[in-house]
Amino acid sequence: MAEMTDSARRRIASIANHIMPAHPSQSQQGNAIAILDCSSSMNDSFHRVHGGVPTDIPVWTPARDDSGKEYTDIIYEKAVGEGIAKITINRPERRNAFRPQTIKELMRAFNDARDDNSIGVIIFTGKGTKAFCSGGDQSLRGKEGYVDYDSFGRLNVLDLQVQIRRLPKPVIAMVAGYAVGGGHVLHMVCDLTIAAANAIFGQTGPKVGSFDAGYGASIMCRLIGPKKAREMWYMTRFYTASEAEKMGLINTVVELEKLEEETVKWCREILRNSPMAIRVLKSAVNAVDDGHAGLQVPSISSIFQLSLSPTYNNDARVG
Ligand SMILES: CC(C)(COP(=O)(O)OP(=O)(O)OC[C@H]1O[C@@H](n2cnc3c(N)ncnc32)[C@H](O)[C@@H]1OP(=O)(O)O)[C@@H](O)C(=O)NCCC(=O)NCCSC(=O)CCC(=O)c1ccccc1C(=O)O
């Protein structure tokens, strides 16, 4: 094979950066080198690349928010050198059921990921392979619902749902095992859901006198239609991952072993696109269900402000 001149190398690097713009957290040079590797002969990175998107698992590093508090119920991580955050409910012994403390920690982590300009996509998942989340922790539920003022405060999961909907970055639910009850609503409020073949979806609330007459009802109707939504809520049946996919409840199903790999691949594909376009599209897709409250999302008002500014940049990553 003929030796490549420096100018040819630079030209290919420039085209490569045009095709796959570097994420702000990557150096332009690093990104170009990755593409150049693909364009050269059959080497290791060529094999790792599928459809132009690397398929290797990122290196996850523990992340913190600025409260200085430790996490007990969740794991919060960021991918080294990539714009991906991962937030994991870490109560596998309870099938990742949430208690008020869990929700408080999730809200802190989602806030941090929202405000971190190097993050473009957030993965939301549960520890282990048996459950994404089994809903509210039933051991804390008294006659008056999930109230334990002394130790935790009220169960604030509805605030978390709103936070995920308003968050101006895509949140991807990565589901292995059960996503049931309030845990099922949590995957529904995410932008996308990628499920392992062992995933099970369902609403269990009415069995224990609980219901979600907010997003839990409205988004479900939007996703699967009102007849199927009534079936899911009234009958409290469970559905397999392939049934859920056919119903339009989730985006795709993959083998359990490939779940994180596939989810990260989707994240990387999203990160190649304009974050501003994506944040406005998220608000737009949610607008019908979120009404005027949804239109208050900062992205919309930011765009008005930015478009009046002479320095307006279509790809600006505003917080
Ligand atoms: C999820 C299961 C189907 C899994 O079954 P299986 O794999 O056989 O495991 P188990 O042996 O049942 O469970 C293992 C272990 O985990 C404990 N556990 C499981 N789920 C919970 C839970 N939700 N809370 C507390 N603990 C849980 C279980 O007790 C076992 O512990 P051991 O010590 O080993 O015995 C199955 O576990 C199951 O059906 N779980 C219960 C699902 C459920 O009913 N969830 C609550 C639904 S209601 C809800 O989530 C609404 C809350 C809410 O978010 C809400 C939202 C909006 C408005 C209002 C509300 C509201 O206030 O209600």
# chains A, B, ... in the order shown; residues from 1 in each chain; ligands from 1

$ residues_near_ligand --ligand "ligand 1" --cutoff "6 Å" --atoms "only C-alpha atoms and all ligand atoms" --output "ChimeraX atom specification"
/A:93-95,97,134-139,145-146,157-158,178,181-182,204-205,210-212

$ residues_around --residues "A:Thr236" --least-positions-apart "6" --cutoff "10 Å" --atoms "only C-alpha atoms" --output "list in words"
Val180, Gly181, Phe201, Gly202, Gln203, Thr204, Gly205, Pro206, Lys207 and Arg230 of chain A

$ select_by_dssp --residues "stretch 172-289 of chain A" --states "helix (DSSP H, G or I)" --output "number ranges by chain"
A: 182-189, 205-208, 215-224, 226-235, 241-247, 256-271, 275-289

$ select_by_dssp --residues "stretch 58-251 of chain A" --states "strand (DSSP E or B)" --output "number ranges by chain"
A: 60-62, 74-79, 84-89, 98, 121-126, 131-133, 136, 142, 145, 147-148, 153-154, 171-175, 178-180, 192-196, 200-202, 238-240

$ residues_around --residues "A:Gly126" --least-positions-apart "5" --cutoff "12 Å" --atoms "only C-alpha atoms" --output "PyMOL selection string"
chain A and resi 73-76+86-98+102+106+131-135+173-179+183+186-187+195+199+260

$ closest_residue --among "A:Ala63, A:Ala244, A:Ala197, A:Met188" --to "A:Ile219" --atoms "only C-alpha atoms"
A:Met188

$ closest_residue --among "A:Arg108, A:Arg99, A:Lys265, A:Lys127" --to "A:Gly68" --atoms "only C-alpha atoms"
A:Arg108

$ residues_around --residues "A:Asp112" --least-positions-apart "2" --cutoff "10 Å" --atoms "only C-alpha atoms" --output "VMD selection string"
chain A and resid 63 to 67 76 85 106 to 110 114 to 117 119

$ closest_residue --among "A:Gly225, A:Gly214, A:Pro275, A:Pro168" --to "A:Gly83" --atoms "only C-alpha atoms"
A:Pro275

$ atom_distance --atom1 "atom CA of A:Ala277" --atom2 "atom CA of A:Met220"
25.3 Å

$ atom_distance --atom1 "atom CA of A:Gln163" --atom2 "atom CA of A:Tyr215"
12.1 Å
